[in-house]
Number of protein chains: 2
Amino acid sequence: MDEDFADFKIGIAGLGLIGGSLAKAFHSAGFFVAGFDIGKSTVDEALNTGAINLGACTPSVLYNCDIVFVALYPEGIVPFVKENAAKFKRGAILIDCCGIKTRICESLYSANLNGLTFIGGHPMAGTESNGFSASFAELFSGASFILTPRPGEDDRILQTLDRLLCHVGFARTVVTTPQHHDRMIAFTSQLPHVIACAYVLSPSLPDHEGFSAGSFRDVSRVAHINPELWAQLFIDNKDALCTEIDLLIENLQGIRELAFSGDANSLKSILKKSRTATCGGANSRNTPV
Amino acid sequence: MDEDFADFKIGIAGLGLIGGSLAKAFHSAGFFVAGFDIGKSTVDEALNTGAINLGACTPSVLYNCDIVFVALYPEGIVPFVKENAAKFKRGAILIDCCGIKTRICESLYSANLNGLTFIGGHPMAGTESNGFSASFAELFSGASFILTPRPGEDDRILQTLDRLLCHVGFARTVVTTPQHHDRMIAFTSQLPHVIACAYVLSPSLPDHEGFSAGSFRDVSRVAHINPELWAQLFIDNKDALCTEIDLLIENLQGIRELAFSGDANSLKSILKKSRTATCGGANSRNTPV
């Protein structure tokens, strides 16, 4: 560990899949980790597995930490930060970890947080499982951690975070605006989840055994979704998400029409366009068909 | 190897991803393998890598084989079998390996094949790459091999095939009708490929770096498609495929409307339905939302 971090205390609010994995990862890297969760059994489990040094069902264990990751459901983040802002250590940095940024950052960047630094964050990692029992220290290996700081945020803070997050396996931090984050996440994360959920609602699903292989597994995997969490994420980012769903439907209809009419040449031409797009070459900036 | 197969000769027509992998797998399992491909360089490569014992650019090397896997593009299968039927060894079994069965089986089950046994087949394995260079012996490990024999086909032949295919890693054979195969494959295999191709045509694709993780990788993986092959498959199975695309679009629109209107309870309820569906429980027989 960097010498800079020798006396660093990491706080984690919410010990679900993301918070639990952050706790395990920082603990494995030798950090002091305090954890808070509203579920007593979750706190007990986190203490018993050694993921945290100090835990409780109230946020008070976090007030002495240098950096606090707020790994709560989207709708809990703004109230949590506002209600506890005055109680944190002077100079503490709070980073949330949820999948939408505009609403949260707009609300917290315009609020009086008593000198606290809040930074919007989003670790680009997850699994189709949820809860502390699904968490593991290696979840973030090679992933990026997106940061959406307020305009003009102190560069040294962002550099510190970048170095800190490398200690738990992140490959890099990506700094962008909350708005660009939300537009990109609508495509890279929310849309695949919408697709998976829509896909498995086909009446053909129950008969798939023996007829399915890798492409079925891949497209259906994330349909094993946390409904509470993702309903919030989809609604919070509905404009960008609906734009992406509409584009997808337009492209699906394009392929459907060509298959239906038996126009092999035009169909091949679209499939070539898709293949080229995945190669990231010069032709990868496609428009809808 | 079973004693029954001690003098067995395996033939492979077409040494692409599937044919090449079958050749490598049977060769590794100790079988004599003859291979044919129209590409001389492919035959040379297969001979050099030891995937086949005997190869040529004409089908003649296959005429002495006991079982011949016809791993050609869909449109090449019927002409190949009809044109060569009279030349194969008496009692030889030919199995095709392509992703649609109704058109091929209807054509070949009503044809005079000079005593040859043709069985529709489909190994449920693949990758997003193609060609002999992408083939590997372990491709079929744990996969099912679907067989769509003519009604009343000799059970002993099907049992022999089942035992034979276990030697190269297949977990089991699944026997069904060509029509049921095509309906299921439209959902389990063709639809995920259509989805991937439509997905990557979003104008957001070129900017995904740093904003993407597992769900993006999974849904986009098979967009790196073989356009020639899949255009044939989509068109050959257009009725079943278009039905599945229409159901998917209906379900996508259902989720979109609930996100757009901010109806969190109804949205959660659909996402729960999707989650339950993937658990294969009693509630998994869903209807479109």
# chains A, B, ... in the order shown; residues from 1 in each chain; ligands from 1
call {"tool": "select_by_dssp", "arguments": {"residues": "region 191-253 of chain B", "states": "alpha helix (DSSP H)", "output": "PyMOL selection string"}}
result
chain B and resi 191-199+214-220+227-236+238-253
call {"tool": "residues_around", "arguments": {"residues": "Leu233 (chain B)", "least_positions_apart": "4", "cutoff": "7 Å", "atoms": "only C-alpha atoms", "output": "list in words"}}
result
Gly99, Ile100, Leu229 and Asn237 of chain B
call {"tool": "write_last_selection", "arguments": {"atoms": "C-alpha atoms", "output": "tab-separated table (two decimals), in the first residue's frame"}}
result
chain	number	residue	atom	x	y	z
B	99	GLY	CA	-28.73	-24.56	-37.73
B	100	ILE	CA	-31.98	-25.11	-39.62
B	229	LEU	CA	-24.00	-18.17	-42.95
B	237	ASN	CA	-36.23	-20.01	-40.62
call {"tool": "select_by_dssp", "arguments": {"residues": "region 24-206 of chain A", "states": "strand (DSSP E)", "output": "JSON, numbers by chain"}}
result
{"A": [32, 33, 34, 35, 36, 54, 55, 56, 67, 68, 69, 70, 93, 94, 95, 96, 117, 118, 119, 120, 121, 122, 123, 144, 145, 146, 147, 148, 172, 173, 174, 175]}
call {"tool": "closest_atom_pairs", "arguments": {"of": "region 37-107 of chain A", "to": "region 8-27 of chain A", "cutoff": "6 Å", "atoms": "only C-alpha atoms", "output": "tab-separated table"}}
result
residue	atom	partner	partner_atom	distance
A:Asp37	CA	A:Gly14	CA	4.7
A:Ala51	CA	A:Lys24	CA	4.6
A:Leu62	CA	A:Gly11	CA	5.3
A:Cys65	CA	A:Lys9	CA	4.8
A:Asp66	CA	A:Lys9	CA	5.4
A:Ile67	CA	A:Ile10	CA	5.3
A:Val68	CA	A:Gly11	CA	4.3
A:Phe69	CA	A:Ile12	CA	4.9
A:Val70	CA	A:Ala13	CA	4.8
A:Ala71	CA	A:Gly14	CA	5.0
A:Leu72	CA	A:Gly14	CA	5.2
call {"tool": "write_last_selection", "arguments": {"atoms": "all heavy atoms", "output": "PDB file, in the first residue's frame"}}
result
ATOM      1  N   ASP A  37     -24.652  -1.214   7.613  1.00  0.00           N
ATOM      2  CA  ASP A  37     -25.789  -1.716   6.833  1.00  0.00           C
ATOM      3  C   ASP A  37     -27.015  -1.696   7.739  1.00  0.00           C
ATOM      4  O   ASP A  37     -26.885  -1.851   8.958  1.00  0.00           O
ATOM      5  CB  ASP A  37     -25.517  -3.142   6.327  1.00  0.00           C
ATOM      6  CG  ASP A  37     -26.457  -3.518   5.183  1.00  0.00           C
ATOM      7  OD1 ASP A  37     -27.621  -3.894   5.456  1.00  0.00           O
ATOM      8  OD2 ASP A  37     -26.037  -3.414   4.016  1.00  0.00           O
ATOM      9  N   ALA A  51     -14.573  -9.004   6.690  1.00  0.00           N
ATOM     10  CA  ALA A  51     -14.609  -8.001   5.623  1.00  0.00           C
ATOM     11  C   ALA A  51     -14.500  -6.591   6.183  1.00  0.00           C
ATOM     12  O   ALA A  51     -14.038  -5.676   5.505  1.00  0.00           O
ATOM     13  CB  ALA A  51     -15.898  -8.133   4.812  1.00  0.00           C
ATOM     14  N   LEU A  62     -18.998   5.367  10.421  1.00  0.00           N
ATOM     15  CA  LEU A  62     -18.347   5.931   9.234  1.00  0.00           C
ATOM     16  C   LEU A  62     -17.820   7.346   9.471  1.00  0.00           C
ATOM     17  O   LEU A  62     -17.056   7.869   8.658  1.00  0.00           O
ATOM     18  CB  LEU A  62     -19.332   5.983   8.057  1.00  0.00           C
ATOM     19  CG  LEU A  62     -20.088   4.693   7.731  1.00  0.00           C
ATOM     20  CD1 LEU A  62     -21.078   4.935   6.595  1.00  0.00           C
ATOM     21  CD2 LEU A  62     -19.115   3.579   7.362  1.00  0.00           C
ATOM     22  N   CYS A  65     -14.107   8.123   9.097  1.00  0.00           N
ATOM     23  CA  CYS A  65     -13.392   7.606   7.910  1.00  0.00           C
ATOM     24  C   CYS A  65     -12.931   8.733   6.990  1.00  0.00           C
ATOM     25  O   CYS A  65     -13.524   9.811   6.956  1.00  0.00           O
ATOM     26  CB  CYS A  65     -14.288   6.645   7.140  1.00  0.00           C
ATOM     27  SG  CYS A  65     -14.605   5.125   8.069  1.00  0.00           S
ATOM     28  N   ASP A  66     -11.874   8.433   6.213  1.00  0.00           N
ATOM     29  CA  ASP A  66     -11.342   9.418   5.269  1.00  0.00           C
ATOM     30  C   ASP A  66     -12.111   9.407   3.959  1.00  0.00           C
ATOM     31  O   ASP A  66     -12.358  10.442   3.352  1.00  0.00           O
ATOM     32  CB  ASP A  66      -9.859   9.124   5.005  1.00  0.00           C
ATOM     33  CG  ASP A  66      -9.049   9.155   6.279  1.00  0.00           C
ATOM     34  OD1 ASP A  66      -8.730  10.268   6.729  1.00  0.00           O
ATOM     35  OD2 ASP A  66      -8.795   8.071   6.852  1.00  0.00           O
ATOM     36  N   ILE A  67     -12.436   8.200   3.522  1.00  0.00           N
ATOM     37  CA  ILE A  67     -13.221   8.060   2.284  1.00  0.00           C
ATOM     38  C   ILE A  67     -14.362   7.102   2.561  1.00  0.00           C
ATOM     39  O   ILE A  67     -14.151   6.021   3.130  1.00  0.00           O
ATOM     40  CB  ILE A  67     -12.345   7.538   1.130  1.00  0.00           C
ATOM     41  CG1 ILE A  67     -11.320   8.609   0.751  1.00  0.00           C
ATOM     42  CG2 ILE A  67     -13.214   7.135  -0.060  1.00  0.00           C
ATOM     43  CD1 ILE A  67     -10.654   8.418  -0.574  1.00  0.00           C
ATOM     44  N   VAL A  68     -15.552   7.517   2.195  1.00  0.00           N
ATOM     45  CA  VAL A  68     -16.727   6.676   2.420  1.00  0.00           C
ATOM     46  C   VAL A  68     -17.389   6.357   1.070  1.00  0.00           C
ATOM     47  O   VAL A  68     -17.753   7.275   0.323  1.00  0.00           O
ATOM     48  CB  VAL A  68     -17.747   7.371   3.346  1.00  0.00           C
ATOM     49  CG1 VAL A  68     -18.994   6.496   3.520  1.00  0.00           C
ATOM     50  CG2 VAL A  68     -17.115   7.687   4.697  1.00  0.00           C
ATOM     51  N   PHE A  69     -17.515   5.068   0.775  1.00  0.00           N
ATOM     52  CA  PHE A  69     -18.247   4.648  -0.419  1.00  0.00           C
ATOM     53  C   PHE A  69     -19.708   4.440  -0.037  1.00  0.00           C
ATOM     54  O   PHE A  69     -20.011   3.649   0.864  1.00  0.00           O
ATOM     55  CB  PHE A  69     -17.652   3.344  -0.979  1.00  0.00           C
ATOM     56  CG  PHE A  69     -16.277   3.536  -1.541  1.00  0.00           C
ATOM     57  CD1 PHE A  69     -15.152   3.347  -0.739  1.00  0.00           C
ATOM     58  CD2 PHE A  69     -16.101   3.946  -2.862  1.00  0.00           C
ATOM     59  CE1 PHE A  69     -13.873   3.543  -1.253  1.00  0.00           C
ATOM     60  CE2 PHE A  69     -14.825   4.141  -3.381  1.00  0.00           C
ATOM     61  CZ  PHE A  69     -13.704   3.946  -2.574  1.00  0.00           C
ATOM     62  N   VAL A  70     -20.577   5.169  -0.710  1.00  0.00           N
ATOM     63  CA  VAL A  70     -22.005   5.081  -0.415  1.00  0.00           C
ATOM     64  C   VAL A  70     -22.624   4.096  -1.409  1.00  0.00           C
ATOM     65  O   VAL A  70     -22.950   4.438  -2.544  1.00  0.00           O
ATOM     66  CB  VAL A  70     -22.672   6.472  -0.519  1.00  0.00           C
ATOM     67  CG1 VAL A  70     -24.145   6.382  -0.111  1.00  0.00           C
ATOM     68  CG2 VAL A  70     -21.929   7.479   0.363  1.00  0.00           C
ATOM     69  N   ALA A  71     -22.727   2.835  -0.961  1.00  0.00           N
ATOM     70  CA  ALA A  71     -23.179   1.769  -1.863  1.00  0.00           C
ATOM     71  C   ALA A  71     -24.625   1.394  -1.555  1.00  0.00           C
ATOM     72  O   ALA A  71     -24.963   0.231  -1.349  1.00  0.00           O
ATOM     73  CB  ALA A  71     -22.243   0.566  -1.722  1.00  0.00           C
ATOM     74  N   LEU A  72     -25.473   2.428  -1.529  1.00  0.00           N
ATOM     75  CA  LEU A  72     -26.902   2.239  -1.254  1.00  0.00           C
ATOM     76  C   LEU A  72     -27.691   2.200  -2.560  1.00  0.00           C
ATOM     77  O   LEU A  72     -27.153   2.517  -3.625  1.00  0.00           O
ATOM     78  CB  LEU A  72     -27.404   3.405  -0.386  1.00  0.00           C
ATOM     79  CG  LEU A  72     -26.696   3.592   0.964  1.00  0.00           C
ATOM     80  CD1 LEU A  72     -27.200   4.881   1.636  1.00  0.00           C
ATOM     81  CD2 LEU A  72     -26.921   2.394   1.872  1.00  0.00           C
TER      82      LEU A  72
END
call {"tool": "closest_residue", "arguments": {"among": "B:Leu108, B:Cys242, B:Leu271, B:Leu94", "to": "Val78 (chain B)", "atoms": "only C-alpha atoms"}}
result
B:Leu108
call {"tool": "residues_around", "arguments": {"residues": "region 187-193 of chain A", "least_positions_apart": "2", "cutoff": "7 Å", "atoms": "only C-alpha atoms", "output": "tab-separated table (two decimals) with N, CA, C and O atoms, in the first residue's frame"}}
result
chain	number	residue	atom	x	y	z
A	183	ARG	N	-25.89	8.75	-20.38
A	183	ARG	CA	-26.17	8.37	-21.78
A	183	ARG	C	-25.43	7.08	-22.13
A	183	ARG	O	-25.99	6.19	-22.76
A	184	MET	N	-24.17	6.98	-21.71
A	184	MET	CA	-23.39	5.78	-22.05
A	184	MET	C	-23.90	4.54	-21.31
A	184	MET	O	-23.98	3.46	-21.89
A	185	ILE	N	-24.25	4.71	-20.04
A	185	ILE	CA	-24.70	3.57	-19.23
A	185	ILE	C	-26.05	3.06	-19.72
A	185	ILE	O	-26.33	1.86	-19.63
A	195	ILE	N	-32.89	-5.93	-22.36
A	195	ILE	CA	-32.94	-6.99	-23.38
A	195	ILE	C	-33.10	-8.36	-22.72
A	195	ILE	O	-33.94	-9.16	-23.11
A	196	ALA	N	-32.28	-8.62	-21.71
A	196	ALA	CA	-32.32	-9.93	-21.05
A	196	ALA	C	-33.70	-10.19	-20.46
A	196	ALA	O	-34.26	-11.29	-20.60
A	197	CYS	N	-34.27	-9.17	-19.81
A	197	CYS	CA	-35.58	-9.34	-19.17
A	197	CYS	C	-36.67	-9.54	-20.22
A	197	CYS	O	-37.58	-10.36	-20.02
A	222	VAL	N	-28.20	-11.83	-17.36
A	222	VAL	CA	-28.52	-10.75	-16.42
A	222	VAL	C	-30.02	-10.54	-16.20
A	222	VAL	O	-30.41	-9.62	-15.50
A	223	ALA	N	-30.85	-11.41	-16.78
A	223	ALA	CA	-32.29	-11.34	-16.47
A	223	ALA	C	-32.54	-11.75	-15.02
A	223	ALA	O	-33.60	-11.44	-14.46
A	234	PHE	N	-33.76	2.26	-14.13
A	234	PHE	CA	-34.41	2.49	-15.43
A	234	PHE	C	-35.23	3.78	-15.41
A	234	PHE	O	-35.22	4.57	-16.37
A	241	LEU	N	-32.46	5.91	-21.67
A	241	LEU	CA	-32.77	4.49	-21.86
A	241	LEU	C	-33.81	4.29	-22.96
A	241	LEU	O	-33.65	3.42	-23.82
A	244	GLU	N	-32.35	4.59	-26.36
A	244	GLU	CA	-31.61	3.38	-26.77
A	244	GLU	C	-32.56	2.23	-27.10
A	244	GLU	O	-32.32	1.48	-28.05
A	245	ILE	N	-33.64	2.08	-26.33
A	245	ILE	CA	-34.60	1.00	-26.64
A	245	ILE	C	-35.23	1.25	-28.01
A	245	ILE	O	-35.38	0.33	-28.82
B	204	SER	N	-24.08	4.78	-30.03
B	204	SER	CA	-23.30	4.88	-28.78
B	204	SER	C	-22.12	3.91	-28.76
B	204	SER	O	-21.20	4.06	-27.95
B	208	HIS	N	-17.97	3.16	-26.10
B	208	HIS	CA	-18.26	2.32	-24.93
B	208	HIS	C	-17.07	2.09	-24.01
B	208	HIS	O	-17.24	1.80	-22.83
B	211	PHE	N	-16.83	2.45	-20.14
B	211	PHE	CA	-18.20	2.50	-19.62
B	211	PHE	C	-18.89	1.14	-19.68
B	211	PHE	O	-20.09	1.05	-19.46
B	212	SER	N	-18.14	0.11	-20.02
B	212	SER	CA	-18.79	-1.18	-20.24
B	212	SER	C	-18.19	-2.27	-19.38
B	212	SER	O	-17.04	-2.19	-18.97
B	215	SER	N	-22.20	-7.21	-18.89
B	215	SER	CA	-23.47	-7.31	-19.62
B	215	SER	C	-23.31	-6.80	-21.05
B	215	SER	O	-23.92	-7.34	-21.98
B	216	PHE	N	-22.49	-5.78	-21.24
B	216	PHE	CA	-22.19	-5.29	-22.59
B	216	PHE	C	-21.46	-6.36	-23.40
B	216	PHE	O	-21.82	-6.66	-24.53
B	219	VAL	N	-23.87	-9.35	-24.38
B	219	VAL	CA	-24.93	-9.13	-25.38
B	219	VAL	C	-24.34	-8.81	-26.76
B	219	VAL	O	-24.97	-9.08	-27.78
call {"tool": "residues_around", "arguments": {"residues": "Thr177 (chain A)", "least_positions_apart": "3", "cutoff": "9 Å", "atoms": "only C-alpha atoms", "output": "PyMOL selection string"}}
result
chain A and resi 101-102+147-151+180-182
call {"tool": "write_last_selection", "arguments": {"atoms": "N, CA and C atoms", "output": "CSV table (one decimal), in the first residue's frame"}}
result
chain,number,residue,atom,x,y,z
A,101,LYS,N,-26.2,9.0,-12.5
A,101,LYS,CA,-25.4,10.0,-11.9
A,101,LYS,C,-26.1,11.4,-12.0
A,102,THR,N,-26.8,11.7,-13.0
A,102,THR,CA,-27.3,13.1,-13.2
A,102,THR,C,-28.2,13.6,-12.0
A,147,LEU,N,-15.9,8.4,-12.5
A,147,LEU,CA,-16.1,9.5,-11.6
A,147,LEU,C,-16.7,10.6,-12.3
A,148,THR,N,-17.7,11.2,-11.7
A,148,THR,CA,-18.4,12.4,-12.3
A,148,THR,C,-18.4,13.5,-11.3
A,149,PRO,N,-17.1,14.1,-11.1
A,149,PRO,CA,-17.0,15.2,-10.1
A,149,PRO,C,-17.7,16.5,-10.5
A,150,ARG,N,-17.9,17.3,-9.5
A,150,ARG,CA,-18.4,18.7,-9.9
A,150,ARG,C,-17.4,19.4,-10.7
A,151,PRO,N,-17.8,20.3,-11.6
A,151,PRO,CA,-16.8,21.1,-12.4
A,151,PRO,C,-15.8,21.8,-11.5
A,180,HIS,N,-23.0,12.6,-19.5
A,180,HIS,CA,-22.4,11.7,-20.5
A,180,HIS,C,-22.4,10.2,-19.9
A,181,HIS,N,-22.1,10.1,-18.6
A,181,HIS,CA,-22.2,8.8,-17.9
A,181,HIS,C,-23.6,8.2,-18.2
A,182,ASP,N,-24.6,8.9,-17.9
A,182,ASP,CA,-26.0,8.4,-18.0
A,182,ASP,C,-26.3,7.9,-19.4
call {"tool": "residues_around", "arguments": {"residues": "Arg275 (chain B)", "least_positions_apart": "4", "cutoff": "12 Å", "atoms": "only C-alpha atoms", "output": "ChimeraX atom specification"}}
result
/A:128-129,193-194,196-201,220-228,230 /B:268-271,279-281,283-284,286
call {"tool": "closest_residue", "arguments": {"among": "A:Val168, A:Met124, A:Cys105, A:Ile38", "to": "chain B", "atoms": "only C-alpha atoms"}}
result
A:Met124
call {"tool": "atom_distance", "arguments": {"atom1": "CA of Ala56 (chain A)", "atom2": "CA of Ser107 (chain A)"}}
result
27.2 Å
call {"tool": "closest_residue", "arguments": {"among": "A:Leu164, A:Cys98, A:Val174, A:Leu139", "to": "Gly30 (chain A)", "atoms": "only C-alpha atoms"}}
result
A:Leu164
call {"tool": "closest_residue", "arguments": {"among": "B:Ser266, B:Ile235, B:Gln253, B:Cys97", "to": "chain A", "atoms": "only C-alpha atoms"}}
result
B:Ile235
call {"tool": "decode", "arguments": {"residues": "region 188-201 of chain A", "atoms": "N, CA, C and O atoms", "output": "PDB file, in the first residue's frame"}}
result
ATOM      1  N   THR A 188     -24.621   0.774 -22.451  1.00  0.00           N
ATOM      2  CA  THR A 188     -23.695  -0.324 -22.111  1.00  0.00           C
ATOM      3  C   THR A 188     -24.217  -1.243 -21.012  1.00  0.00           C
ATOM      4  O   THR A 188     -23.810  -2.394 -20.942  1.00  0.00           O
ATOM      5  N   SER A 189     -25.099  -0.743 -20.154  1.00  0.00           N
ATOM      6  CA  SER A 189     -25.503  -1.544 -19.002  1.00  0.00           C
ATOM      7  C   SER A 189     -27.016  -1.714 -18.890  1.00  0.00           C
ATOM      8  O   SER A 189     -27.517  -2.830 -18.765  1.00  0.00           O
ATOM      9  N   GLN A 190     -27.756  -0.601 -18.958  1.00  0.00           N
ATOM     10  CA  GLN A 190     -29.203  -0.724 -18.755  1.00  0.00           C
ATOM     11  C   GLN A 190     -29.864  -1.468 -19.913  1.00  0.00           C
ATOM     12  O   GLN A 190     -30.710  -2.340 -19.700  1.00  0.00           O
ATOM     13  N   LEU A 191     -29.483  -1.129 -21.144  1.00  0.00           N
ATOM     14  CA  LEU A 191     -30.107  -1.789 -22.296  1.00  0.00           C
ATOM     15  C   LEU A 191     -29.872  -3.306 -22.292  1.00  0.00           C
ATOM     16  O   LEU A 191     -30.821  -4.067 -22.498  1.00  0.00           O
ATOM     17  N   PRO A 192     -28.653  -3.795 -22.027  1.00  0.00           N
ATOM     18  CA  PRO A 192     -28.487  -5.259 -21.935  1.00  0.00           C
ATOM     19  C   PRO A 192     -29.383  -5.898 -20.871  1.00  0.00           C
ATOM     20  O   PRO A 192     -29.857  -7.013 -21.052  1.00  0.00           O
ATOM     21  N   HIS A 193     -29.629  -5.185 -19.776  1.00  0.00           N
ATOM     22  CA  HIS A 193     -30.528  -5.729 -18.749  1.00  0.00           C
ATOM     23  C   HIS A 193     -31.979  -5.735 -19.229  1.00  0.00           C
ATOM     24  O   HIS A 193     -32.717  -6.688 -18.986  1.00  0.00           O
ATOM     25  N   VAL A 194     -32.380  -4.667 -19.919  1.00  0.00           N
ATOM     26  CA  VAL A 194     -33.742  -4.627 -20.485  1.00  0.00           C
ATOM     27  C   VAL A 194     -33.901  -5.765 -21.505  1.00  0.00           C
ATOM     28  O   VAL A 194     -34.908  -6.484 -21.520  1.00  0.00           O
ATOM     29  N   ILE A 195     -32.895  -5.928 -22.357  1.00  0.00           N
ATOM     30  CA  ILE A 195     -32.941  -6.989 -23.380  1.00  0.00           C
ATOM     31  C   ILE A 195     -33.096  -8.359 -22.715  1.00  0.00           C
ATOM     32  O   ILE A 195     -33.941  -9.163 -23.110  1.00  0.00           O
ATOM     33  N   ALA A 196     -32.277  -8.619 -21.711  1.00  0.00           N
ATOM     34  CA  ALA A 196     -32.318  -9.931 -21.050  1.00  0.00           C
ATOM     35  C   ALA A 196     -33.703 -10.191 -20.458  1.00  0.00           C
ATOM     36  O   ALA A 196     -34.260 -11.285 -20.598  1.00  0.00           O
ATOM     37  N   CYS A 197     -34.267  -9.172 -19.808  1.00  0.00           N
ATOM     38  CA  CYS A 197     -35.581  -9.337 -19.175  1.00  0.00           C
ATOM     39  C   CYS A 197     -36.671  -9.541 -20.223  1.00  0.00           C
ATOM     40  O   CYS A 197     -37.577 -10.359 -20.021  1.00  0.00           O
ATOM     41  N   ALA A 198     -36.598  -8.813 -21.328  1.00  0.00           N
ATOM     42  CA  ALA A 198     -37.599  -8.977 -22.388  1.00  0.00           C
ATOM     43  C   ALA A 198     -37.430 -10.346 -23.056  1.00  0.00           C
ATOM     44  O   ALA A 198     -38.411 -11.033 -23.364  1.00  0.00           O
ATOM     45  N   TYR A 199     -36.191 -10.743 -23.251  1.00  0.00           N
ATOM     46  CA  TYR A 199     -35.886 -12.006 -23.948  1.00  0.00           C
ATOM     47  C   TYR A 199     -36.469 -13.213 -23.217  1.00  0.00           C
ATOM     48  O   TYR A 199     -37.121 -14.060 -23.816  1.00  0.00           O
ATOM     49  N   VAL A 200     -36.258 -13.286 -21.907  1.00  0.00           N
ATOM     50  CA  VAL A 200     -36.680 -14.489 -21.169  1.00  0.00           C
ATOM     51  C   VAL A 200     -38.197 -14.562 -20.976  1.00  0.00           C
ATOM     52  O   VAL A 200     -38.700 -15.555 -20.460  1.00  0.00           O
ATOM     53  N   LEU A 201     -38.917 -13.508 -21.384  1.00  0.00           N
ATOM     54  CA  LEU A 201     -40.380 -13.571 -21.289  1.00  0.00           C
ATOM     55  C   LEU A 201     -41.003 -14.301 -22.481  1.00  0.00           C
ATOM     56  O   LEU A 201     -42.217 -14.487 -22.531  1.00  0.00           O
TER      57      LEU A 201
END
